[in-house]
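Next up, entry.tsv (TSV, C-alpha atoms):
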```tsv
chain	number	residue	atom	x	y	z
A	1	ARG	CA	0.00	0.00	0.00
A	2	GLU	CA	1.40	3.40	-1.03
A	3	ASN	CA	2.13	5.98	1.65
A	4	ALA	CA	-0.50	8.75	1.57
A	5	LEU	CA	2.20	11.38	2.12
A	6	SER	CA	3.97	10.40	-1.12
A	7	ASN	CA	1.13	12.03	-3.09
A	8	LEU	CA	1.62	15.44	-1.49
A	9	PRO	CA	3.42	18.12	-3.51
A	10	PRO	CA	6.90	19.16	-2.37
A	11	GLY	CA	7.32	22.03	0.02
A	12	LEU	CA	9.86	24.81	0.25
A	13	ILE	CA	12.87	24.81	2.53
A	14	ASN	CA	12.72	27.51	5.19
A	15	LEU	CA	15.81	29.70	4.82
A	16	GLU	CA	15.85	31.38	8.25
A	17	ASN	CA	12.62	33.28	8.91
A	18	THR	CA	11.23	32.80	5.40
A	19	CYS	CA	7.93	31.12	6.25
A	20	TYR	CA	6.15	34.31	5.10
A	21	PHE	CA	7.88	34.03	1.72
A	22	ASN	CA	7.30	30.30	1.36
A	23	ALA	CA	3.60	30.67	2.19
A	24	THR	CA	3.31	33.39	-0.45
A	25	LEU	CA	5.04	31.22	-3.07
A	26	GLN	CA	2.83	28.24	-2.24
A	27	THR	CA	-0.24	30.46	-2.65
A	28	LEU	CA	0.94	31.69	-6.07
A	29	ASN	CA	1.67	28.08	-7.03
A	30	CYS	CA	-1.99	27.18	-6.34
A	31	ILE	CA	-3.26	29.50	-9.08
A	32	PRO	CA	-3.20	27.31	-12.23
A	33	GLU	CA	-3.84	30.16	-14.69
A	34	LEU	CA	-0.89	32.08	-13.27
A	35	THR	CA	1.52	29.15	-13.14
A	36	ARG	CA	0.67	28.05	-16.69
A	37	HIS	CA	1.21	31.57	-17.96
A	38	LEU	CA	4.37	32.04	-15.92
A	39	LEU	CA	5.87	28.83	-17.29
A	40	THR	CA	5.10	29.71	-20.92
A	41	ALA	CA	5.26	33.53	-21.17
A	42	LYS	CA	8.33	35.49	-22.18
A	43	GLU	CA	9.63	37.78	-19.46
A	44	ASN	CA	9.93	41.52	-20.01
A	45	THR	CA	13.40	41.74	-18.48
A	46	ALA	CA	13.41	45.54	-18.32
A	47	GLN	CA	10.53	45.45	-15.82
A	48	GLY	CA	10.96	42.00	-14.32
A	49	ASP	CA	14.55	42.52	-13.09
A	50	GLY	CA	15.14	38.76	-13.16
A	51	LEU	CA	12.61	38.03	-10.43
A	52	ILE	CA	10.13	36.50	-12.86
A	53	ALA	CA	12.76	34.14	-14.24
A	54	GLN	CA	13.69	33.07	-10.70
A	55	LEU	CA	10.02	32.59	-9.78
A	56	ARG	CA	9.49	30.57	-12.97
A	57	ASP	CA	12.36	28.28	-11.93
A	58	VAL	CA	10.91	27.71	-8.46
A	59	ILE	CA	7.42	27.02	-9.84
A	60	ARG	CA	8.90	24.57	-12.35
A	61	GLN	CA	10.78	22.82	-9.54
A	62	LEU	CA	7.63	22.63	-7.42
A	63	LYS	CA	5.81	21.01	-10.34
A	64	THR	CA	8.53	18.41	-11.04
A	65	SER	CA	10.50	17.76	-7.84
A	66	LYS	CA	9.89	14.86	-5.50
A	67	SER	CA	11.63	16.63	-2.61
A	68	ALA	CA	11.56	20.04	-0.94
A	69	VAL	CA	12.68	22.97	-3.08
A	70	MET	CA	15.21	25.57	-1.94
A	71	PRO	CA	14.18	29.00	-3.30
A	72	LEU	CA	17.53	30.66	-2.46
A	73	ALA	CA	18.15	32.39	-5.82
A	74	LEU	CA	14.58	33.76	-5.86
A	75	LEU	CA	14.81	34.94	-2.24
A	76	THR	CA	18.16	36.61	-2.94
A	77	ARG	CA	16.75	38.47	-5.97
A	78	PHE	CA	13.62	39.40	-3.99
A	79	ARG	CA	15.72	40.87	-1.17
A	80	LEU	CA	17.83	42.84	-3.66
A	81	LEU	CA	14.76	44.34	-5.29
A	82	TYR	CA	12.91	44.92	-2.02
A	83	PRO	CA	15.57	45.64	0.66
A	84	ASN	CA	13.07	45.89	3.52
A	85	PHE	CA	12.87	42.07	3.29
A	86	ALA	CA	16.65	41.89	3.90
A	87	GLU	CA	16.46	43.64	7.28
A	88	GLN	CA	18.45	41.95	10.01
A	89	THR	CA	18.44	42.05	13.79
A	90	ASN	CA	21.47	40.70	15.66
A	91	GLY	CA	22.79	39.16	12.42
A	92	ARG	CA	19.60	37.23	11.67
A	93	TYR	CA	16.96	38.04	9.09
A	94	SER	CA	13.90	39.66	10.61
A	95	GLN	CA	10.39	38.22	10.48
A	96	GLN	CA	8.35	39.68	7.64
A	97	ASP	CA	4.72	39.84	6.58
A	98	ALA	CA	3.28	37.48	3.96
A	99	GLU	CA	0.81	40.08	2.68
A	100	GLU	CA	3.64	42.53	2.04
A	101	ALA	CA	5.61	39.85	0.19
A	102	TRP	CA	2.45	39.02	-1.84
A	103	THR	CA	2.04	42.70	-2.79
A	104	GLN	CA	5.67	43.04	-3.91
A	105	LEU	CA	5.60	39.80	-5.91
A	106	LEU	CA	2.41	40.86	-7.68
A	107	TYR	CA	4.00	44.23	-8.41
A	108	SER	CA	6.93	42.46	-10.08
A	109	LEU	CA	4.62	40.07	-11.93
A	110	GLN	CA	3.00	43.02	-13.69
A	111	ALA	CA	5.83	42.58	-16.22
A	112	LEU	CA	4.09	39.41	-17.44
A	113	PRO	CA	2.21	39.97	-20.69
A	114	ARG	CA	-1.53	39.56	-21.00
A	115	ILE	CA	-2.93	36.06	-20.81
A	116	ASN	CA	-5.82	36.48	-23.21
A	117	GLU	CA	-6.82	39.41	-25.41
A	118	GLU	CA	-10.49	38.90	-24.54
A	119	ILE	CA	-9.97	39.47	-20.81
A	120	PRO	CA	-9.76	43.12	-19.68
A	121	GLY	CA	-6.49	44.26	-18.14
A	122	GLU	CA	-3.12	45.55	-19.26
A	123	ASN	CA	-1.11	42.57	-17.96
A	124	ALA	CA	-1.56	39.10	-16.47
A	125	VAL	CA	-1.79	40.40	-12.89
A	126	GLN	CA	-4.63	42.76	-13.76
A	127	GLN	CA	-6.40	40.06	-15.74
A	128	LEU	CA	-6.21	37.54	-12.90
A	129	PHE	CA	-6.53	39.70	-9.79
A	130	GLN	CA	-8.30	42.91	-10.72
A	131	GLY	CA	-11.95	43.16	-9.90
A	132	GLU	CA	-14.76	45.60	-9.47
A	133	PHE	CA	-17.47	45.87	-6.90
A	134	GLU	CA	-20.48	48.04	-6.49
A	135	THR	CA	-21.73	49.44	-3.22
A	136	THR	CA	-25.39	50.24	-2.75
A	137	PHE	CA	-26.61	52.26	0.19
A	138	VAL	CA	-30.17	51.75	1.30
A	139	HIS	CA	-31.66	54.49	3.43
A	140	ILE	CA	-34.30	53.28	5.83
A	141	PHE	CA	-36.52	55.96	7.35
```

Would you mind giving the structure from this file in C-alpha cells?
Amino acid sequence: RENALSNLPPGLINLENTCYFNATLQTLNCIPELTRHLLTAKENTAQGDGLIAQLRDVIRQLKTSKSAVMPLALLTRFRLLYPNFAEQTNGRYSQQDAEEAWTQLLYSLQALPRINEEIPGENAVQQLFQGEFETTFVHIF
C-alpha cells in the first residue's frame, strides 16, 4: 500500500525566517492560470529585473520535484529588489509579513504579458486579480 504522504506536492525549505515568503510562493503556485502563464510567457526583463525568471524556476521545480525545493536564488533576488525584506536584527533576518511579500511579488509580476486578449487588463496580474465591486446604500426611514 502506497504511503498517503507520497502524493503530497513538495514544500519549500525555510531559509531562516522565510515562512512568510514560502507561504506566499505556495499560494501563487496554487493559481493554475498564473503558473501556466508564468511557465510559458516570455519575461519583459526591463521590468521584471530577473525576479520573474527566478520565480518561474521555483514554480517549475515545485511542479517536477519529488523533494523540498530551496528558493535561495529567488529569495536573494527578492531581497535585492525589495531591501526591507533583507532587514536583520542581531545578524539574523527579521520576520516579515506574507501580505507585504504578496504585494511586492504581484508588483513584479505586472511585467508578465496579458494572458488572453479577450480578458480586460493591461497585464496578467490585472487580468487575474483585478476586480470591481459596487456598493449600494439603502436608506431606511

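Interatomic distance, CA of Leu74 in chain A against CA of Arg114 in chain A: 22.9 Å.
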
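Separating CA of Arg36 in chain A from CA of Thr76 in chain A is a distance of 23.8 Å.
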
Protein, DNA and RNA residues within 9 Å of (12.9, 35.4, -10.1), only C-alpha atoms, as a PyMOL selection string: chain A and resi 48-58+73-78

Using only C-alpha atoms: which of A:Gln88, A:Ala23, A:Leu62, A:Thr103 has the shortest distance to Thr35 in chain A: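 Closest to Thr35 in chain A of all the choices is A:Leu62.
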
Could you list, as a PDB file with C-alpha atoms, keeping the file's coordinate frame, every residue within 7 Å of Thr24 in chain A, counting all atoms listed in the file and ignoring same-chain residues fewer than 2 positions away?
```pdb
ATOM      1  CA  TYR A  20       6.150  34.310   5.100  1.00  0.00           C
ATOM      2  CA  PHE A  21       7.880  34.030   1.720  1.00  0.00           C
ATOM      3  CA  ASN A  22       7.300  30.300   1.360  1.00  0.00           C
ATOM      4  CA  GLN A  26       2.830  28.240  -2.240  1.00  0.00           C
ATOM      5  CA  THR A  27      -0.240  30.460  -2.650  1.00  0.00           C
ATOM      6  CA  LEU A  28       0.940  31.690  -6.070  1.00  0.00           C
ATOM      7  CA  ALA A  98       3.280  37.480   3.960  1.00  0.00           C
ATOM      8  CA  ALA A 101       5.610  39.850   0.190  1.00  0.00           C
ATOM      9  CA  TRP A 102       2.450  39.020  -1.840  1.00  0.00           C
TER      10      TRP A 102
END
```

Distance of CA of Gln61 in chain A from CA of Thr40 in chain A, expressed in Å to one decimal place: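 That distance, rounded to one decimal, is 14.5 Å.
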
Which of A:Ile13, A:Arg92, A:Phe129, A:Pro32 sits closest to Gln110 in chain A [using all atoms listed in the file]: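 Closest to Gln110 in chain A of all the choices is A:Phe129.
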
Counting all atoms listed in the file, the residue of A:Gly11, A:Ser65, A:Ile119, A:Asn17 that sits nearest Phe85 in chain A: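 Of all the options, A:Asn17 lies closest to Phe85 in chain A.
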
Selection: 9 Å around Ala41 in chain A, all atoms listed in the file, excl. self and same-chain fewer than 5 positions, as a list in words: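 Once the adjacent positions are removed, what remains is Arg36, Leu112, Pro113 and Ile115 of chain A.
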
Could you save those same residues with C-alpha atoms as an mmCIF file, keeping the file's coordinate frame?
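Final output, saved to result33.cif:
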```
data_model
loop_
_atom_site.group_PDB
_atom_site.id
_atom_site.type_symbol
_atom_site.label_atom_id
_atom_site.label_comp_id
_atom_site.auth_asym_id
_atom_site.auth_seq_id
_atom_site.Cartn_x
_atom_site.Cartn_y
_atom_site.Cartn_z
ATOM 1 C CA ARG A 36 0.670 28.050 -16.690
ATOM 2 C CA LEU A 112 4.090 39.410 -17.440
ATOM 3 C CA PRO A 113 2.210 39.970 -20.690
ATOM 4 C CA ILE A 115 -2.930 36.060 -20.810
#
```
